[in-house]
>>> print(open('model.cif').read())   # mmCIF, N, CA and C atoms
data_entry
#
loop_
_atom_site.label_atom_id
_atom_site.label_comp_id
_atom_site.auth_asym_id
_atom_site.auth_seq_id
_atom_site.Cartn_x
_atom_site.Cartn_y
_atom_site.Cartn_z
N MET O 835 32.65 -142.61 -1.97
CA MET O 835 33.49 -141.89 -1.04
C MET O 835 34.04 -140.65 -1.75
N ALA O 836 33.93 -139.48 -1.14
CA ALA O 836 34.34 -138.23 -1.75
C ALA O 836 35.83 -138.13 -1.99
N ASP O 837 36.64 -138.90 -1.26
CA ASP O 837 38.08 -138.83 -1.41
C ASP O 837 38.61 -139.72 -2.53
N ASP O 838 37.74 -140.47 -3.18
CA ASP O 838 38.20 -141.33 -4.26
C ASP O 838 38.66 -140.50 -5.45
N HIS O 839 39.75 -140.94 -6.04
CA HIS O 839 40.30 -140.30 -7.22
C HIS O 839 40.53 -141.37 -8.28
N ILE O 840 40.68 -140.95 -9.52
CA ILE O 840 40.95 -141.86 -10.62
C ILE O 840 42.39 -141.64 -11.05
N PHE O 841 43.14 -142.74 -11.19
CA PHE O 841 44.53 -142.69 -11.63
C PHE O 841 44.54 -142.40 -13.13
N VAL O 842 45.33 -141.40 -13.54
CA VAL O 842 45.43 -141.02 -14.94
C VAL O 842 46.88 -141.18 -15.37
N ALA O 843 47.14 -142.17 -16.23
CA ALA O 843 48.49 -142.41 -16.71
C ALA O 843 48.90 -141.30 -17.68
N SER O 844 50.16 -140.87 -17.60
CA SER O 844 50.65 -139.85 -18.52
C SER O 844 50.92 -140.50 -19.87
N GLY O 845 51.20 -139.69 -20.87
CA GLY O 845 51.37 -140.18 -22.24
C GLY O 845 52.43 -141.23 -22.42
N ASP O 846 53.57 -141.12 -21.76
CA ASP O 846 54.66 -142.08 -21.92
C ASP O 846 54.77 -142.97 -20.69
N SER O 847 53.68 -143.51 -20.24
CA SER O 847 53.65 -144.27 -19.00
C SER O 847 54.30 -145.63 -19.13
N CYS O 848 54.80 -146.10 -18.00
CA CYS O 848 55.37 -147.44 -17.91
C CYS O 848 54.23 -148.46 -17.84
N PRO O 849 54.54 -149.74 -17.99
CA PRO O 849 53.49 -150.77 -17.93
C PRO O 849 52.71 -150.79 -16.61
N ILE O 850 53.38 -150.46 -15.50
CA ILE O 850 52.69 -150.43 -14.20
C ILE O 850 51.60 -149.37 -14.23
N CYS O 851 51.96 -148.18 -14.68
CA CYS O 851 50.99 -147.07 -14.70
C CYS O 851 49.88 -147.31 -15.72
N MET O 852 50.23 -147.86 -16.87
CA MET O 852 49.19 -148.15 -17.87
C MET O 852 48.16 -149.14 -17.31
N ALA O 853 48.63 -150.09 -16.51
CA ALA O 853 47.71 -151.06 -15.91
C ALA O 853 46.80 -150.40 -14.88
N LEU O 854 47.27 -149.34 -14.24
CA LEU O 854 46.48 -148.64 -13.22
C LEU O 854 45.56 -147.57 -13.81
N ASP O 855 45.77 -147.19 -15.06
CA ASP O 855 45.02 -146.11 -15.68
C ASP O 855 43.51 -146.34 -15.54
N GLY O 856 42.81 -145.37 -14.95
CA GLY O 856 41.37 -145.44 -14.78
C GLY O 856 40.90 -146.11 -13.51
N THR O 857 41.82 -146.62 -12.69
CA THR O 857 41.41 -147.28 -11.45
C THR O 857 41.20 -146.25 -10.34
N ILE O 858 40.45 -146.62 -9.33
CA ILE O 858 40.18 -145.73 -8.20
C ILE O 858 41.32 -145.86 -7.20
N VAL O 859 41.88 -144.72 -6.83
CA VAL O 859 43.04 -144.66 -5.92
C VAL O 859 42.84 -143.49 -4.95
N PRO O 860 43.63 -143.41 -3.88
CA PRO O 860 43.57 -142.25 -3.00
C PRO O 860 44.15 -141.01 -3.70
N GLU O 861 43.76 -139.85 -3.25
CA GLU O 861 44.27 -138.60 -3.82
C GLU O 861 45.79 -138.55 -3.74
N GLY O 862 46.44 -138.14 -4.84
CA GLY O 862 47.89 -138.01 -4.87
C GLY O 862 48.65 -139.30 -4.99
N TYR O 863 47.96 -140.40 -5.25
CA TYR O 863 48.61 -141.70 -5.34
C TYR O 863 49.68 -141.70 -6.43
N THR O 864 50.82 -142.31 -6.15
CA THR O 864 51.84 -142.53 -7.16
C THR O 864 52.16 -144.02 -7.18
N ALA O 865 52.38 -144.56 -8.36
CA ALA O 865 52.60 -145.99 -8.53
C ALA O 865 54.03 -146.40 -8.17
N HIS O 866 54.95 -145.46 -8.26
CA HIS O 866 56.37 -145.77 -7.99
C HIS O 866 57.13 -144.46 -7.85
N ASP O 867 58.39 -144.54 -7.42
CA ASP O 867 59.23 -143.35 -7.32
C ASP O 867 59.32 -142.67 -8.68
N ASN O 868 59.31 -141.36 -8.68
CA ASN O 868 59.41 -140.54 -9.91
C ASN O 868 58.24 -140.73 -10.86
N CYS O 869 57.12 -141.20 -10.37
CA CYS O 869 55.92 -141.37 -11.19
C CYS O 869 55.42 -140.00 -11.63
N MET O 870 55.17 -139.82 -12.91
CA MET O 870 54.73 -138.54 -13.46
C MET O 870 53.23 -138.53 -13.77
N CYS O 871 52.51 -139.55 -13.32
CA CYS O 871 51.08 -139.64 -13.57
C CYS O 871 50.33 -138.80 -12.54
N SER O 872 49.02 -138.71 -12.69
CA SER O 872 48.24 -137.86 -11.79
C SER O 872 46.97 -138.57 -11.35
N THR O 873 46.26 -137.94 -10.44
CA THR O 873 44.95 -138.42 -10.02
C THR O 873 43.97 -137.27 -10.17
N ILE O 874 42.73 -137.61 -10.50
CA ILE O 874 41.68 -136.60 -10.58
C ILE O 874 40.51 -137.07 -9.74
N PRO O 875 39.73 -136.15 -9.17
CA PRO O 875 38.58 -136.56 -8.37
C PRO O 875 37.63 -137.42 -9.20
N LYS O 876 37.10 -138.46 -8.57
CA LYS O 876 36.21 -139.39 -9.25
C LYS O 876 34.97 -138.69 -9.80
N ASP O 877 34.47 -137.70 -9.07
CA ASP O 877 33.27 -137.02 -9.51
C ASP O 877 33.55 -135.86 -10.46
N ALA O 878 34.79 -135.69 -10.87
CA ALA O 878 35.13 -134.60 -11.80
C ALA O 878 34.49 -134.86 -13.16
N ASP O 879 34.27 -133.82 -13.89
CA ASP O 879 33.69 -133.92 -15.22
C ASP O 879 34.66 -134.69 -16.12
N GLN O 880 34.27 -135.85 -16.58
CA GLN O 880 35.14 -136.71 -17.37
C GLN O 880 34.96 -136.49 -18.87
N ASP O 881 34.25 -135.45 -19.26
CA ASP O 881 33.98 -135.23 -20.68
C ASP O 881 35.19 -134.68 -21.43
N CYS O 882 36.08 -134.00 -20.76
CA CYS O 882 37.26 -133.43 -21.40
C CYS O 882 38.46 -134.33 -21.17
N GLU O 883 39.35 -134.34 -22.14
CA GLU O 883 40.62 -135.03 -21.98
C GLU O 883 41.70 -133.97 -22.03
N HIS O 884 42.80 -134.22 -21.31
CA HIS O 884 43.87 -133.23 -21.34
C HIS O 884 45.23 -133.89 -21.45
N GLY O 885 46.15 -133.11 -21.98
CA GLY O 885 47.54 -133.53 -22.08
C GLY O 885 48.42 -132.40 -21.59
N VAL O 886 49.61 -132.75 -21.18
CA VAL O 886 50.54 -131.74 -20.68
C VAL O 886 51.87 -131.91 -21.41
N GLU O 887 52.50 -130.80 -21.75
CA GLU O 887 53.80 -130.84 -22.42
C GLU O 887 54.67 -129.71 -21.89
N ASN O 888 55.90 -129.74 -22.36
CA ASN O 888 56.88 -128.68 -22.05
C ASN O 888 57.00 -128.40 -20.56
N ILE O 889 57.10 -129.46 -19.78
CA ILE O 889 57.31 -129.31 -18.35
C ILE O 889 58.76 -128.89 -18.12
N ASP O 890 58.93 -127.84 -17.34
CA ASP O 890 60.27 -127.32 -17.08
C ASP O 890 60.38 -126.98 -15.60
N PHE O 891 61.46 -127.41 -14.99
CA PHE O 891 61.72 -127.09 -13.59
C PHE O 891 62.91 -126.14 -13.50
N GLN O 892 62.76 -125.11 -12.67
CA GLN O 892 63.84 -124.18 -12.40
C GLN O 892 63.88 -123.92 -10.90
N THR O 893 65.03 -123.50 -10.43
CA THR O 893 65.17 -123.16 -9.03
C THR O 893 65.25 -121.64 -8.92
N SER O 894 64.44 -121.07 -8.03
CA SER O 894 64.46 -119.62 -7.83
C SER O 894 65.61 -119.27 -6.89
N PRO O 895 65.99 -118.00 -6.84
CA PRO O 895 67.05 -117.58 -5.92
C PRO O 895 66.74 -117.90 -4.46
N SER O 896 65.47 -117.99 -4.11
CA SER O 896 65.09 -118.29 -2.73
C SER O 896 65.15 -119.79 -2.42
N GLY O 897 65.42 -120.62 -3.45
CA GLY O 897 65.51 -122.06 -3.24
C GLY O 897 64.24 -122.82 -3.55
N SER O 898 63.17 -122.12 -3.91
CA SER O 898 61.94 -122.82 -4.26
C SER O 898 62.06 -123.37 -5.69
N VAL O 899 61.22 -124.33 -5.99
CA VAL O 899 61.20 -124.93 -7.32
C VAL O 899 60.03 -124.32 -8.08
N ILE O 900 60.32 -123.87 -9.30
CA ILE O 900 59.27 -123.33 -10.17
C ILE O 900 59.08 -124.32 -11.31
N ALA O 901 57.88 -124.86 -11.40
CA ALA O 901 57.54 -125.80 -12.47
C ALA O 901 56.60 -125.09 -13.43
N SER O 902 56.97 -125.04 -14.69
CA SER O 902 56.09 -124.45 -15.71
C SER O 902 55.66 -125.56 -16.67
N PHE O 903 54.52 -125.37 -17.31
CA PHE O 903 53.94 -126.42 -18.14
C PHE O 903 52.91 -125.83 -19.09
N GLU O 904 52.53 -126.61 -20.09
CA GLU O 904 51.46 -126.24 -21.02
C GLU O 904 50.43 -127.36 -21.02
N VAL O 905 49.17 -126.99 -20.91
CA VAL O 905 48.07 -127.95 -20.89
C VAL O 905 47.21 -127.74 -22.14
N THR O 906 46.87 -128.84 -22.80
CA THR O 906 45.93 -128.81 -23.92
C THR O 906 44.74 -129.69 -23.56
N VAL O 907 43.55 -129.14 -23.70
CA VAL O 907 42.31 -129.85 -23.38
C VAL O 907 41.55 -130.11 -24.68
N THR O 908 41.07 -131.33 -24.82
CA THR O 908 40.19 -131.66 -25.93
C THR O 908 38.77 -131.70 -25.38
N CYS O 909 37.95 -130.80 -25.89
CA CYS O 909 36.57 -130.67 -25.42
C CYS O 909 35.71 -131.79 -26.00
N PRO O 910 34.53 -132.02 -25.40
CA PRO O 910 33.64 -133.09 -25.89
C PRO O 910 33.27 -132.93 -27.36
N ASP O 911 33.25 -131.69 -27.86
CA ASP O 911 32.90 -131.48 -29.27
C ASP O 911 34.09 -131.65 -30.21
N GLY O 912 35.27 -131.98 -29.65
CA GLY O 912 36.46 -132.19 -30.46
C GLY O 912 37.35 -130.96 -30.58
N SER O 913 36.87 -129.81 -30.15
CA SER O 913 37.71 -128.61 -30.21
C SER O 913 38.78 -128.69 -29.14
N GLU O 914 39.84 -127.93 -29.33
CA GLU O 914 40.94 -127.92 -28.37
C GLU O 914 41.16 -126.52 -27.84
N ALA O 915 41.59 -126.46 -26.59
CA ALA O 915 41.96 -125.20 -25.96
C ALA O 915 43.17 -125.47 -25.10
N GLY O 916 44.00 -124.47 -24.92
CA GLY O 916 45.21 -124.69 -24.14
C GLY O 916 45.62 -123.45 -23.38
N ALA O 917 46.51 -123.65 -22.43
CA ALA O 917 47.04 -122.54 -21.64
C ALA O 917 48.34 -122.99 -20.99
N SER O 918 49.12 -122.01 -20.60
CA SER O 918 50.36 -122.27 -19.86
C SER O 918 50.12 -122.01 -18.39
N GLY O 919 50.87 -122.68 -17.56
CA GLY O 919 50.76 -122.48 -16.13
C GLY O 919 52.09 -122.70 -15.45
N SER O 920 52.13 -122.33 -14.20
CA SER O 920 53.33 -122.59 -13.40
C SER O 920 52.93 -122.65 -11.94
N VAL O 921 53.80 -123.26 -11.17
CA VAL O 921 53.58 -123.35 -9.73
C VAL O 921 54.95 -123.23 -9.06
N GLU O 922 54.99 -122.48 -7.98
CA GLU O 922 56.23 -122.32 -7.22
C GLU O 922 56.06 -123.05 -5.89
N VAL O 923 57.02 -123.92 -5.59
CA VAL O 923 56.90 -124.82 -4.45
C VAL O 923 58.16 -124.78 -3.60
N ASP O 924 57.98 -124.77 -2.29
CA ASP O 924 59.10 -124.92 -1.37
C ASP O 924 59.35 -126.42 -1.22
N PRO O 925 60.46 -126.94 -1.77
CA PRO O 925 60.68 -128.38 -1.74
C PRO O 925 60.93 -128.94 -0.34
N VAL O 926 61.15 -128.08 0.62
CA VAL O 926 61.35 -128.54 1.99
C VAL O 926 60.03 -128.94 2.62
N THR O 927 58.97 -128.22 2.28
CA THR O 927 57.67 -128.46 2.91
C THR O 927 56.65 -129.15 2.00
N HIS O 928 56.87 -129.17 0.69
CA HIS O 928 55.91 -129.74 -0.25
C HIS O 928 56.64 -130.57 -1.31
N ASN O 929 55.93 -131.53 -1.88
CA ASN O 929 56.46 -132.35 -2.96
C ASN O 929 56.24 -131.62 -4.29
N PRO O 930 57.32 -131.17 -4.96
CA PRO O 930 57.15 -130.43 -6.21
C PRO O 930 56.41 -131.19 -7.30
N ILE O 931 56.61 -132.51 -7.38
CA ILE O 931 55.93 -133.31 -8.41
C ILE O 931 54.43 -133.35 -8.15
N LYS O 932 54.03 -133.59 -6.90
CA LYS O 932 52.60 -133.60 -6.56
C LYS O 932 51.97 -132.25 -6.82
N GLU O 933 52.66 -131.19 -6.41
CA GLU O 933 52.13 -129.84 -6.62
C GLU O 933 52.01 -129.52 -8.11
N LEU O 934 52.98 -129.99 -8.91
CA LEU O 934 52.91 -129.80 -10.36
C LEU O 934 51.66 -130.45 -10.91
N TRP O 935 51.42 -131.73 -10.56
CA TRP O 935 50.27 -132.43 -11.12
C TRP O 935 48.96 -131.87 -10.60
N ASP O 936 48.94 -131.38 -9.37
CA ASP O 936 47.74 -130.71 -8.87
C ASP O 936 47.45 -129.46 -9.69
N ALA O 937 48.51 -128.68 -9.98
CA ALA O 937 48.34 -127.45 -10.77
C ALA O 937 47.90 -127.78 -12.19
N VAL O 938 48.45 -128.84 -12.78
CA VAL O 938 48.04 -129.27 -14.12
C VAL O 938 46.56 -129.63 -14.11
N GLY O 939 46.14 -130.42 -13.12
CA GLY O 939 44.73 -130.81 -13.02
C GLY O 939 43.80 -129.63 -12.83
N ASP O 940 44.21 -128.68 -11.99
CA ASP O 940 43.39 -127.49 -11.77
C ASP O 940 43.24 -126.67 -13.05
N LEU O 941 44.36 -126.48 -13.78
CA LEU O 941 44.29 -125.71 -15.02
C LEU O 941 43.46 -126.44 -16.07
N ALA O 942 43.62 -127.76 -16.16
CA ALA O 942 42.84 -128.53 -17.12
C ALA O 942 41.34 -128.43 -16.81
N SER O 943 40.98 -128.49 -15.53
CA SER O 943 39.57 -128.36 -15.14
C SER O 943 39.03 -126.98 -15.49
N GLU O 944 39.84 -125.97 -15.25
CA GLU O 944 39.43 -124.60 -15.57
C GLU O 944 39.21 -124.43 -17.07
N ILE O 945 40.11 -124.98 -17.88
CA ILE O 945 39.95 -124.89 -19.33
C ILE O 945 38.72 -125.67 -19.77
N CYS O 946 38.52 -126.85 -19.18
CA CYS O 946 37.38 -127.69 -19.54
C CYS O 946 36.05 -126.98 -19.28
N GLU O 947 36.00 -126.20 -18.21
CA GLU O 947 34.77 -125.46 -17.90
C GLU O 947 34.43 -124.44 -18.98
N SER O 948 35.43 -124.01 -19.76
CA SER O 948 35.17 -123.03 -20.81
C SER O 948 34.84 -123.68 -22.15
N CYS O 949 34.81 -125.02 -22.20
CA CYS O 949 34.46 -125.71 -23.45
C CYS O 949 33.03 -125.38 -23.84
N PRO O 950 32.79 -125.33 -25.14
CA PRO O 950 31.41 -125.08 -25.58
C PRO O 950 30.50 -126.23 -25.16
N GLU O 951 29.29 -125.87 -24.79
CA GLU O 951 28.30 -126.88 -24.42
C GLU O 951 27.94 -127.69 -25.66
N GLU O 952 27.78 -128.99 -25.46
CA GLU O 952 27.33 -129.82 -26.58
C GLU O 952 25.86 -129.52 -26.81
N GLU O 953 25.56 -129.23 -28.06
CA GLU O 953 24.17 -128.94 -28.40
C GLU O 953 23.53 -130.19 -29.00
N GLU O 954 22.39 -130.53 -28.44
CA GLU O 954 21.67 -131.66 -28.99
C GLU O 954 20.91 -131.20 -30.22
N GLU O 955 21.01 -132.00 -31.26
CA GLU O 955 20.29 -131.65 -32.48
C GLU O 955 18.81 -131.79 -32.24
N GLU O 956 18.10 -130.75 -32.67
CA GLU O 956 16.66 -130.77 -32.50
C GLU O 956 16.03 -131.69 -33.54
N GLU O 957 15.17 -132.56 -33.06
CA GLU O 957 14.46 -133.45 -33.97
C GLU O 957 13.46 -132.61 -34.77
N PRO O 958 13.39 -132.79 -36.07
CA PRO O 958 12.40 -132.03 -36.84
C PRO O 958 10.98 -132.47 -36.45
N PHE O 959 10.09 -131.50 -36.47
CA PHE O 959 8.70 -131.80 -36.15
C PHE O 959 8.06 -132.51 -37.33
N ASN O 960 7.59 -133.69 -37.08
CA ASN O 960 6.91 -134.46 -38.13
C ASN O 960 5.48 -134.70 -37.70
N CYS O 961 4.61 -134.03 -38.35
CA CYS O 961 3.20 -134.18 -38.03
C CYS O 961 2.68 -135.48 -38.60
N CYS O 962 1.92 -136.17 -37.84
CA CYS O 962 1.19 -137.38 -38.21
C CYS O 962 2.06 -138.54 -38.51
#
>>> encode(input="model.cif", output="structure tokens")
Amino acid sequence: MADDHIFVASGDSCPICMALDGTIVPEGYTAHDNCMCSTIPKDADQDCEHGVENIDFQTSPSGSVIASFEVTVTCPDGSEAGASGSVEVDPVTHNPIKELWDAVGDLASEICESCPEEEEEEEPFNCC
């Protein structure tokens, strides 16, 4: 099913979230109130791992919530790449936590796409 997502527990997850880590769930699923974990599409490239830090929420003069964050991706070859991001959300019409994790996932996917391709070692030619 195209709508299936995988539950991804955050680094400091509670026992409930750790038990759900890697299970198939609906998009945007949260295990409990104030859950900081995320979901990623099941068919997404699972070769990269990512972490998020320095999450900061501020309120703009217009009343929207601005969430800023830093994402670090570990590429399949072990190299790391990172970037900062932010998302501005109207808390009346959208869930700021869901929008934050969607933005984190989008940025992590974008960084993962820039990872170097894994090169397969060429087998030496051995005659006979």
>>> closest_residue(input="model.cif", among="O:Ser902, O:Ser918, O:Thr864, O:Ser872", to="Ser844 of chain O", atoms="only N, CA and C atoms")
O:Ser872
>>> closest_atom_pairs(input="model.cif", of="segment 878-911 of chain O", to="segment 933-949 of chain O", cutoff="6.5 Å", atoms="all atoms listed in the file", output="Markdown table")
| residue | atom | partner | partner_atom | distance |
| --- | --- | --- | --- | --- |
| O:Cys882 | CA | O:Cys946 | CA | 6.0 |
| O:His884 | CA | O:Ala942 | CA | 6.4 |
| O:Ala901 | CA | O:Leu934 | CA | 6.5 |
| O:Val905 | CA | O:Ala942 | CA | 6.5 |
| O:Val907 | CA | O:Cys946 | N | 6.4 |
| O:Cys909 | CA | O:Cys949 | CA | 5.7 |
>>> atom_distance(input="model.cif", atom1="atom CA of Asp838 of chain O", atom2="atom CA of Ile874 of chain O")
8.6 Å
>>> atom_distance(input="model.cif", atom1="atom CA of Ser896 of chain O", atom2="atom CA of Asp867 of chain O")
26.1 Å
>>> select_by_dssp(input="model.cif", residues="segment 861-936 of chain O", states="helix (DSSP H, G or I)", output="list in words")
Pro930, Ile931, Lys932, Glu933, Leu934, Trp935 and Asp936 of chain O
>>> atom_distance(input="model.cif", atom1="atom CA of Thr893 of chain O", atom2="atom CA of Thr927 of chain O")
15.1 Å
